[in-house]
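One file, upload_37.tsv, carrying TSV, C-alpha atoms:
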chain	number	residue	atom	x	y	z
A	470	MET	CA	0.00	0.00	0.00
A	471	LYS	CA	2.94	2.34	0.74
A	472	THR	CA	4.23	1.92	-2.80
A	473	SER	CA	0.81	2.81	-4.18
A	474	LYS	CA	0.61	5.93	-2.04
A	475	MET	CA	4.10	7.05	-3.11
A	476	LYS	CA	3.20	6.67	-6.79
A	477	THR	CA	-0.04	8.55	-6.19
A	478	LYS	CA	1.84	11.45	-4.57
A	479	LYS	CA	4.16	11.64	-7.58
A	480	VAL	CA	1.17	11.81	-9.92
A	481	PHE	CA	-0.45	14.62	-7.94
A	482	PHE	CA	2.90	16.45	-7.88
A	483	VAL	CA	3.03	16.40	-11.69
A	484	VAL	CA	-0.64	17.36	-11.92
A	485	THR	CA	-0.02	20.38	-9.70
A	486	ILE	CA	3.25	21.51	-11.23
A	487	LEU	CA	2.52	21.30	-14.99
A	488	PRO	CA	-0.31	23.87	-15.09
A	489	ILE	CA	1.89	26.22	-13.04
A	490	LEU	CA	4.72	25.74	-15.53
A	491	LEU	CA	2.32	26.50	-18.37
A	492	MET	CA	1.29	29.76	-16.70
A	493	GLY	CA	4.85	30.68	-15.84
A	494	GLY	CA	5.95	29.99	-19.40
A	495	GLN	CA	3.36	32.35	-20.83
A	496	ASP	CA	5.82	35.27	-20.92
A	497	VAL	CA	8.38	33.10	-22.71
A	498	PHE	CA	5.81	32.21	-25.38
A	499	ALA	CA	4.77	35.88	-25.67
A	500	ARG	CA	8.34	37.12	-26.02
A	501	SER	CA	8.97	34.77	-28.95
A	502	GLU	CA	6.01	36.12	-30.91
A	503	ARG	CA	6.61	38.37	-33.92
A	504	PRO	CA	4.00	40.77	-35.28
A	505	LEU	CA	2.00	39.14	-38.05
A	506	TRP	CA	2.87	41.95	-40.46
A	507	VAL	CA	6.61	41.17	-40.25
A	508	ASP	CA	6.25	38.24	-42.65
A	509	GLY	CA	4.78	40.49	-45.32
A	510	TYR	CA	1.95	42.99	-45.50
A	511	HIS	CA	0.60	45.29	-48.17
A	512	TYR	CA	-2.66	47.20	-48.15
A	513	ASP	CA	-3.91	49.66	-50.74
A	514	ALA	CA	-6.19	52.08	-48.89
A	515	ASN	CA	-8.08	54.99	-50.42
A	516	ASN	CA	-5.52	57.66	-49.60
A	517	SER	CA	-2.39	55.69	-48.74
A	518	TYR	CA	-0.35	52.52	-49.01
A	519	LEU	CA	0.59	50.30	-46.07
A	520	GLU	CA	3.64	48.16	-46.62
A	521	VAL	CA	6.62	46.55	-44.88
A	522	VAL	CA	10.11	47.93	-45.39
A	523	THR	CA	13.21	46.11	-44.12
A	524	ALA	CA	16.90	46.87	-43.88
A	525	THR	CA	19.95	45.49	-42.07
A	526	GLY	CA	22.85	47.22	-40.34
A	527	TRP	CA	25.51	46.87	-37.67
A	528	GLU	CA	23.50	49.16	-35.43
A	529	VAL	CA	19.75	49.48	-35.05
A	530	ALA	CA	19.86	53.19	-35.92
A	531	ASN	CA	21.88	52.45	-39.05
A	532	ALA	CA	19.43	49.77	-40.17
A	533	ARG	CA	16.50	52.11	-39.47
A	534	ASP	CA	18.07	54.89	-41.60
A	535	LYS	CA	18.53	52.43	-44.46
A	536	ALA	CA	14.87	51.47	-44.15
A	537	TYR	CA	13.91	55.16	-44.37
A	538	ASP	CA	15.94	55.43	-47.58
A	539	GLU	CA	14.13	52.40	-48.96
A	540	ILE	CA	10.77	54.07	-48.30
A	541	LEU	CA	11.84	57.04	-50.41
A	542	ARG	CA	13.31	54.83	-53.14
A	543	ARG	CA	10.05	52.90	-53.48
A	544	ARG	CA	8.15	56.12	-54.00
A	545	GLY	CA	10.63	57.15	-56.69
A	546	VAL	CA	11.91	60.18	-54.78
A	547	ALA	CA	15.44	61.38	-55.58
A	548	THR	CA	16.84	63.13	-52.51
A	549	GLY	CA	19.39	65.40	-54.15
A	550	THR	CA	20.68	68.82	-53.14
A	551	ASN	CA	17.31	70.45	-53.76
A	552	ALA	CA	15.42	68.07	-51.52
A	553	LYS	CA	15.13	68.13	-47.75
A	554	VAL	CA	14.36	64.92	-45.86
A	555	THR	CA	12.79	65.27	-42.42
A	556	THR	CA	12.15	62.45	-39.94
A	557	SER	CA	10.44	63.18	-36.65
A	558	SER	CA	8.70	60.73	-34.33
A	559	GLY	CA	8.27	58.25	-37.15
A	560	ASN	CA	6.95	60.85	-39.62
A	561	ILE	CA	8.96	61.15	-42.82
A	562	SER	CA	8.65	63.98	-45.31
A	563	VAL	CA	10.62	65.14	-48.34
A	564	GLU	CA	10.44	68.72	-49.52
A	565	SER	CA	11.75	70.16	-52.73
A	566	ASN	CA	11.56	73.88	-53.63
A	567	HIS	CA	9.20	74.33	-50.69
A	568	ASN	CA	6.76	71.77	-52.11
A	569	LEU	CA	6.07	68.60	-50.16
A	570	ILE	CA	6.60	65.71	-52.59
A	571	VAL	CA	6.25	62.69	-50.29
A	572	LYS	CA	4.62	62.04	-46.94
A	573	ALA	CA	5.00	58.83	-44.94
A	574	ARG	CA	4.92	57.65	-41.36
A	575	VAL	CA	6.13	54.60	-39.46
A	576	LEU	CA	3.25	52.82	-37.74
A	577	ASP	CA	5.18	50.04	-36.04
A	578	GLU	CA	8.70	48.68	-35.78
A	579	TYR	CA	10.21	45.28	-35.04
A	580	VAL	CA	13.93	44.60	-34.60
A	581	GLU	CA	15.68	41.25	-34.58
A	582	GLU	CA	19.36	40.47	-34.07
A	583	LEU	CA	20.54	38.24	-36.91
A	584	ARG	CA	23.94	37.70	-35.32
A	585	PRO	CA	25.86	39.48	-32.56
A	586	GLY	CA	25.87	43.19	-33.37
A	587	PHE	CA	24.03	42.82	-36.69
A	588	TYR	CA	20.36	43.78	-36.82
A	589	LYS	CA	17.39	43.66	-39.16
A	590	VAL	CA	14.75	46.36	-38.81
A	591	TYR	CA	11.19	45.88	-40.01
A	592	LEU	CA	9.07	49.00	-40.46
A	593	LEU	CA	5.35	49.05	-41.08
A	594	VAL	CA	4.97	52.20	-43.17
A	595	GLN	CA	1.97	54.21	-44.31
A	596	THR	CA	2.68	56.45	-47.32
A	597	ALA	CA	0.18	58.98	-48.62
A	598	LYS	CA	-0.64	58.56	-52.32
A	599	ASN	CA	-0.64	62.33	-52.54
A	600	PRO	CA	1.11	64.54	-49.94
A	601	MET	CA	-2.11	66.54	-49.58
A	602	TYR	CA	-4.19	63.46	-48.70
A	603	ASN	CA	-5.07	62.66	-45.13
A	604	TYR	CA	-3.95	59.33	-43.67
A	605	GLU	CA	-6.57	56.72	-42.95
A	606	GLN	CA	-6.83	55.80	-39.29
A	607	VAL	CA	-4.81	52.69	-38.57
A	608	THR	CA	-5.07	50.66	-35.37
A	609	ILE	CA	-2.40	48.12	-34.44
A	610	THR	CA	-3.37	45.97	-31.49
A	611	ASP	CA	-2.44	42.74	-29.76
A	612	LYS	CA	-5.84	42.52	-28.07
A	613	TYR	CA	-8.42	40.04	-29.34
A	614	PRO	CA	-12.15	39.91	-28.58
A	615	PHE	CA	-13.57	36.95	-26.69
A	616	SER	CA	-14.64	34.10	-28.96
A	617	ALA	CA	-15.95	30.55	-28.71
A	618	ARG	CA	-12.45	29.33	-29.64
A	619	CYS	CA	-11.60	29.65	-25.94
A	620	PHE	CA	-13.63	26.50	-25.24
A	621	VAL	CA	-11.62	24.36	-27.68
A	622	PRO	CA	-8.20	23.50	-26.21
A	623	GLY	CA	-5.42	25.47	-27.89
A	624	MET	CA	-7.57	27.02	-30.61
A	625	ALA	CA	-7.70	30.55	-29.16
A	626	GLN	CA	-3.94	30.51	-28.65
A	627	ILE	CA	-3.28	29.37	-32.22
A	628	HIS	CA	-5.71	32.01	-33.53
A	629	LYS	CA	-3.71	34.67	-31.67
A	630	GLY	CA	-0.47	33.45	-33.21
A	631	SER	CA	0.80	31.56	-30.12
A	632	ILE	CA	1.19	28.28	-32.00
A	633	ALA	CA	3.71	26.77	-29.56
A	634	LYS	CA	1.50	27.51	-26.56
A	635	GLY	CA	-1.58	26.17	-28.33
A	636	GLY	CA	0.29	22.99	-29.25
A	637	VAL	CA	1.39	22.45	-25.65
A	638	ILE	CA	-2.19	22.85	-24.40
A	639	ILE	CA	-3.56	20.44	-27.02
A	640	GLY	CA	-0.83	17.92	-26.17
A	641	ALA	CA	-1.42	18.27	-22.42
A	642	GLU	CA	-5.16	17.73	-22.82
A	643	ALA	CA	-4.57	14.67	-25.02
A	644	ILE	CA	-2.19	13.20	-22.44
A	645	GLY	CA	-4.68	13.91	-19.67
A	646	VAL	CA	-7.58	12.22	-21.48
A	647	ALA	CA	-5.39	9.23	-22.40
A	648	GLY	CA	-4.31	9.00	-18.75
A	649	ILE	CA	-7.93	8.98	-17.56
A	650	VAL	CA	-8.93	6.21	-19.97
A	651	THR	CA	-5.84	4.13	-19.22
A	652	SER	CA	-6.04	4.56	-15.44
A	653	PHE	CA	-9.66	3.53	-15.05
A	654	SER	CA	-9.20	0.68	-17.53
A	655	MET	CA	-6.32	-0.63	-15.39
A	656	LYS	CA	-8.41	-0.17	-12.24
A	657	ALA	CA	-11.24	-2.22	-13.72
A	658	SER	CA	-8.80	-4.87	-14.90
A	659	ASN	CA	-7.28	-5.28	-11.43
A	660	GLU	CA	-10.72	-5.40	-9.81
A	661	TRP	CA	-11.61	-8.25	-12.17
A	662	LEU	CA	-8.37	-10.06	-11.23
A	663	ILE	CA	-9.34	-9.91	-7.53
A	664	LYS	CA	-12.24	-12.23	-8.28
A	665	ASP	CA	-10.30	-14.33	-10.78
A	666	ASP	CA	-7.26	-14.86	-8.52
A	667	PRO	CA	-8.32	-14.55	-4.84
A	668	LYS	CA	-4.88	-15.75	-3.68
A	669	HIS	CA	-3.34	-12.40	-4.74
A	670	ALA	CA	-6.42	-10.33	-4.02
A	671	GLN	CA	-4.59	-7.84	-1.80
A	672	THR	CA	-1.97	-7.14	-4.49
A	673	TYR	CA	-4.66	-6.50	-7.08
A	674	ALA	CA	-6.62	-4.37	-4.62
A	675	ASP	CA	-3.53	-2.19	-4.01
A	676	ARG	CA	-3.02	-1.80	-7.76
A	677	ALA	CA	-6.68	-0.95	-8.31
A	678	TYR	CA	-6.42	1.70	-5.58
A	679	MET	CA	-3.26	3.12	-7.16
A	680	TRP	CA	-4.78	3.32	-10.66
A	681	GLN	CA	-7.93	4.90	-9.25
A	682	ASN	CA	-5.89	7.69	-7.66
A	683	ILE	CA	-3.85	8.12	-10.81
A	684	GLY	CA	-7.13	8.44	-12.72
A	685	TYR	CA	-8.37	11.10	-10.29
A	686	GLY	CA	-5.05	12.89	-10.73
A	687	CYS	CA	-5.43	12.80	-14.51
A	688	ILE	CA	-8.94	14.23	-14.18
A	689	ALA	CA	-7.63	17.06	-11.99
A	690	PHE	CA	-4.75	17.68	-14.41
A	691	THR	CA	-7.03	17.74	-17.48
A	692	ALA	CA	-9.49	20.06	-15.74
A	693	ALA	CA	-6.69	22.41	-14.59
A	694	VAL	CA	-5.24	22.66	-18.10
A	695	TYR	CA	-8.70	23.23	-19.59
A	696	ILE	CA	-9.50	26.02	-17.12
A	697	TYR	CA	-6.13	27.60	-17.87
A	698	ASN	CA	-6.89	27.26	-21.59
A	699	ILE	CA	-10.17	29.19	-21.22
A	700	ILE	CA	-8.68	31.96	-19.06
A	701	ASP	CA	-5.57	32.35	-21.20
A	702	GLY	CA	-7.58	32.21	-24.44
A	703	ALA	CA	-9.84	34.98	-23.17
A	704	VAL	CA	-7.32	37.42	-21.67
A	705	ALA	CA	-3.88	36.75	-23.19
A	706	ARG	CA	-2.56	39.12	-25.81
A	707	GLY	CA	-1.57	37.79	-29.21
A	708	GLN	CA	0.36	38.83	-32.27
A	709	LYS	CA	-0.30	42.37	-33.43
A	710	ARG	CA	-3.06	42.83	-35.99
A	711	ILE	CA	-3.76	45.79	-38.26
A	712	PHE	CA	-7.13	47.47	-38.74
A	713	VAL	CA	-7.52	50.20	-41.36
A	714	ASN	CA	-10.47	52.61	-41.32
A	715	ASN	CA	-10.87	52.78	-45.09
A	716	THR	CA	-14.45	54.01	-45.20
A	717	VAL	CA	-13.73	57.69	-45.82
A	718	ALA	CA	-11.43	59.14	-48.45
A	719	ILE	CA	-10.67	62.87	-48.43
A	720	ALA	CA	-8.67	64.40	-51.24
A	721	PRO	CA	-8.29	67.64	-53.20
A	722	THR	CA	-10.24	67.68	-56.46
A	723	VAL	CA	-11.08	69.90	-59.41
A	724	THR	CA	-14.66	70.13	-60.68
A	725	PHE	CA	-15.73	70.22	-64.34
A	726	ASP	CA	-16.11	73.99	-64.23
A	727	GLY	CA	-12.50	74.41	-63.08
A	728	ASN	CA	-13.17	75.09	-59.40
A	729	ALA	CA	-10.89	73.46	-56.83
A	730	GLY	CA	-12.28	71.79	-53.72
A	731	ILE	CA	-12.24	68.79	-51.44
A	732	ALA	CA	-13.81	65.46	-52.40
A	733	ILE	CA	-15.10	63.10	-49.73
A	734	ARG	CA	-15.83	59.50	-50.69
A	735	TYR	CA	-17.56	57.09	-48.31
A	736	ASN	CA	-17.35	53.33	-48.88
A	737	PHE	CA	-20.32	51.34	-47.63

For the file at hand, write its structure as structure tokens.
Amino acid sequence: MKTSKMKTKKVFFVVTILPILLMGGQDVFARSERPLWVDGYHYDANNSYLEVVTATGWEVANARDKAYDEILRRRGVATGTNAKVTTSSGNISVESNHNLIVKARVLDEYVEELRPGFYKVYLLVQTAKNPMYNYEQVTITDKYPFSARCFVPGMAQIHKGSIAKGGVIIGAEAIGVAGIVTSFSMKASNEWLIKDDPKHAQTYADRAYMWQNIGYGCIAFTAAVYIYNIIDGAVARGQKRIFVNNTVAIAPTVTFDGNAGIAIRYNF
């Protein structure tokens, strides 16, 4: 009986510790996440373009400056002696002969170290199609609304981009369910052997008691992981997503009679 109790204690130790490790590892999972837009993003809004610009350098600032140059190159802007490039708080503008010829802004930035001292900078850039156009409102968020995915183990985490975390939860739930089925099957088997082999009834009774406790431990473990899955799926942040308010377009226009004005277009 002592051996059975020792094994049972070990099972409950694992059942208690693993959900805690899952919760403690949440920050590790989160830190490894990259914004979804890093792997490629392009959006053609009414008044502007959203795109990803990358550059590498031995310092982050150097890589960022190269990325700024790439923004201008893509827009076909030659920054010669007659042009003035201004960057301030992520806003980039190029002026030539007192006329603004390009307008862009950095919406988000992600930096990764490719090797010691060598960096790659990713910029999510919004560039106005015409310097006189207003930018569309862009929201970048790592918050997700509550959804029914929270009730399916690992699905909410995978939806938020936490594939590793979702995989661990799915695996843990599968192990827990398999443990429940196996434990109570072994308990039933040993209870049958008590009747079939009365001479060793006490041995089979001890084993049945052990497997019963292991089964209860697996139930507790599976329930703990599932509760964690729901809470984490509902409140945890995920990879950054981009929302563009593209319903209103405001731009200068010229009417048929030659009068200048402002055109407002609303997309339903």

(request) Within 10 Å of segment 528-537 of chain A, counting only C-alpha atoms, which residues show up once you throw out same-chain ones fewer than 2 positions away? Write them as a ChimeraX atom specification, please. (result) /A:521-526,539-542,554,556,559,561,573-575,578,580-582,586-592,594

(request) With a distance cut-off of 7 Å and only C-alpha atoms, select the neighbouring residues of His511 of chain A, excluding the residue or stretch itself and same-chain residues fewer than 2 positions from it, and output the selection as a ChimeraX atom specification. (result) /A:509,513,519-521

(request) Report the distance between atom CA of Gly648 of chain A and atom CA of Ser616 of chain A in Å, rounded to one decimal place. (result)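 For atom CA of Gly648 of chain A relative to atom CA of Ser616 of chain A, the distance reads 29.0 Å.
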
Could you work out an axis-aligned box for segment 599-602 of chain A, taking every atom the file lists and adding 4 Å on each side, and report centre and edge lengths in Å to one decimal, as AutoDock Vina command-line options?
--center_x -1.5 --center_y 64.4 --center_z -50.6 --size_x 13.3 --size_y 12.2 --size_z 11.8

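For the residues A:Gly645, A:Gly630, A:Pro504, A:Gly702, ranking by smallest atom-to-atom distance to Tyr579 of chain A using all atoms listed in the file places A:Pro504 first.
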
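Shortest separation to Ile711 of chain A among A:Asp508, A:Asp665, A:Asp675, A:Asp611 occurs at residue A:Asp611, atoms counted being all atoms listed in the file.
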
(request) Considering only C-alpha atoms, return as a PyMOL selection string whatever protein or nucleic-acid residues lie within 9 Å of Lys629 of chain A, sequence-local ones (same chain, fewer than 2 positions apart) excluded. (result) chain A and resi 611-613+624-627+631-632+702+705-709

(message) Just to confirm, what's the straight-line distance from atom CA of Ala674 of chain A to atom CA of Ser652 of chain A in Å (one decimal)?
(response) 14.0 Å

(request) Give me, please, the distance in Å between atom CA of Ala647 of chain A and atom CA of Asn682 of chain A, quoted to one decimal. (result)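 Separating atom CA of Ala647 of chain A from atom CA of Asn682 of chain A is a distance of 14.8 Å.
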
Selection near Leu662 of chain A, 7 Å with only C-alpha atoms, sequence-local residues under 4 positions removed, as a PDB file with C-alpha atoms, in the coordinates of the input:
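Resulting contents of result30.pdb:
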ATOM      1  CA  SER A 658      -8.800  -4.870 -14.900  1.00  0.00           C
ATOM      2  CA  ASP A 666      -7.260 -14.860  -8.520  1.00  0.00           C
ATOM      3  CA  TYR A 673      -4.660  -6.500  -7.080  1.00  0.00           C
TER       4      TYR A 673
END

(message) Just checking: using only C-alpha atoms, which residue out of A:Tyr685, A:Val694, A:Arg676, A:Phe615 ends up closest to Trp661 of chain A?
(response) A:Arg676
